[in-house]
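This report refers to the structure that appears directly beneath it.
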Amino acid sequence: MKGQDIGLLLKLVCMQMQESGVYPVYAPGAWEDWRTDGAEVDGMVRESSVSYNEYTVRALARLTGISKSQVNLSLQRSLASGLAISDRKSHTPRTNTRALKDFIVYGLPYIFPVKLGAVTRGISTSLAAPVLHSELLSAGDLPPVWSDPKGNTKGQTVEPLFKSVTHAVRQDAALYALLALVDAIRIGQPRERKLSITLLGKLLEVVQ
């Protein structure tokens, strides 16, 4: 299991949300923590469904920034472990959301522990991310961030689950929320973990 496997499984969750028409609505600009230029995808999903063509290795690589070879290997690992299943009709990969939630809550903090690093500019994550509204971040604390030159926030570096996290979250508001909650579970104290687990569960339940 690699960190990118979790990222890819969560991306599949977001795509399943779009298929079902229950993709969470975020006000334009309210969920983004980076500077954009005219050529960059603004991240908002404009359609209520996705094409099955988006489930190809090539498309998943484009959406996540993970290489095609690594996407293929990641899907193989997830299918073998039961964290993903193959849809009987479309044969597209589907995330086993119950299993994934259990793995994130009980296994991820031990397999991918977090140590806050140097102060840098980046995209806010964990308690500082828009999904948590910074409501649990203590005054004066430096926010945790994924290092990124286009990020709007100065804080302490968090090593992301996979290298292309900042590319992936800029394409997808729900993925940003999910990955930030995962980081809060990896980093947070009991109170913060409890809230993050509850929010993660609500997002994952919509595609069960």
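A note on labels: chains of the structure tokens are A, B, ... as shown, every chain counts residues from 1, and ligands are counted from 1 in their shown order.
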
Find the residues around A:Ser67 up to 9 Å (only C-alpha atoms counted), leave out those fewer than 6 positions away in its own chain, and share them as a VMD selection string. chain A and resid 57 to 58 60 to 61

Atoms kept (N, CA and C atoms) for selection, written as a short mmCIF file (atom, residue, chain, number, x, y, z; two decimals), in the first residue's frame:
data_model
loop_
_atom_site.label_atom_id
_atom_site.label_comp_id
_atom_site.auth_asym_id
_atom_site.auth_seq_id
_atom_site.Cartn_x
_atom_site.Cartn_y
_atom_site.Cartn_z
N VAL A 57 -7.04 4.48 -17.25
CA VAL A 57 -5.77 4.78 -16.60
C VAL A 57 -5.25 6.14 -17.04
N ARG A 58 -5.37 6.42 -18.34
CA ARG A 58 -4.90 7.70 -18.88
C ARG A 58 -5.64 8.88 -18.24
N LEU A 60 -7.35 8.94 -15.35
CA LEU A 60 -7.06 9.03 -13.92
C LEU A 60 -5.68 9.64 -13.68
N ALA A 61 -4.75 9.33 -14.55
CA ALA A 61 -3.41 9.92 -14.44
C ALA A 61 -3.48 11.43 -14.66
#

I'd like the neighbourhood of A:Ala59 as JSON, numbers by chain, where a residue qualifies if any of its atoms comes within 10 Å (using only C-alpha atoms), though same-chain residues fewer than 5 positions away should be ignored. {"A": [53, 54, 64, 65, 68, 71]}

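The spacing separating atom CA of A:Gln16 from atom CA of A:Ser69 amounts to 22.6 Å.
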
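Between atom CA of A:Asn96 and atom CA of A:Tyr55 the interatomic distance comes to 15.7 Å.
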
Neighbouring residues of A:Gln70 were defined as those with any atom within 10 Å, considering only C-alpha atoms; residues of the same chain fewer than 4 positions away were excluded. Please report them as a ChimeraX atom specification. /A:4-5,57,61,66,74-76

Of A:Leu161, A:Met15, A:Val169, A:Leu204, the one sitting nearest A:Pro109 when using only C-alpha atoms is A:Leu161

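Listed by chain and then by rising number, the residues of chain A that DSSP assigns to strand (DSSP E or B) from the backbone are Trp34, Ala84, Ile85, Ser86, Pro93, Arg94, Thr95, Val119, Thr120, Arg121, Gly122, Ile123, Ser124, Pro144, Val145, Trp146, Ser147, Gly151, Thr153, Lys154, Gly155, Gln156 and Thr157 of chain A.
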
Using only C-alpha atoms, which protein or nucleic acid residues come within 9 Å of stretch 189-199 of chain A? Drop anything in the same chain fewer than 4 positions from it, and give the result as a PyMOL selection string. chain A and resi 101+105+126-127+131-132+136+178+181-182+184-185+203-204
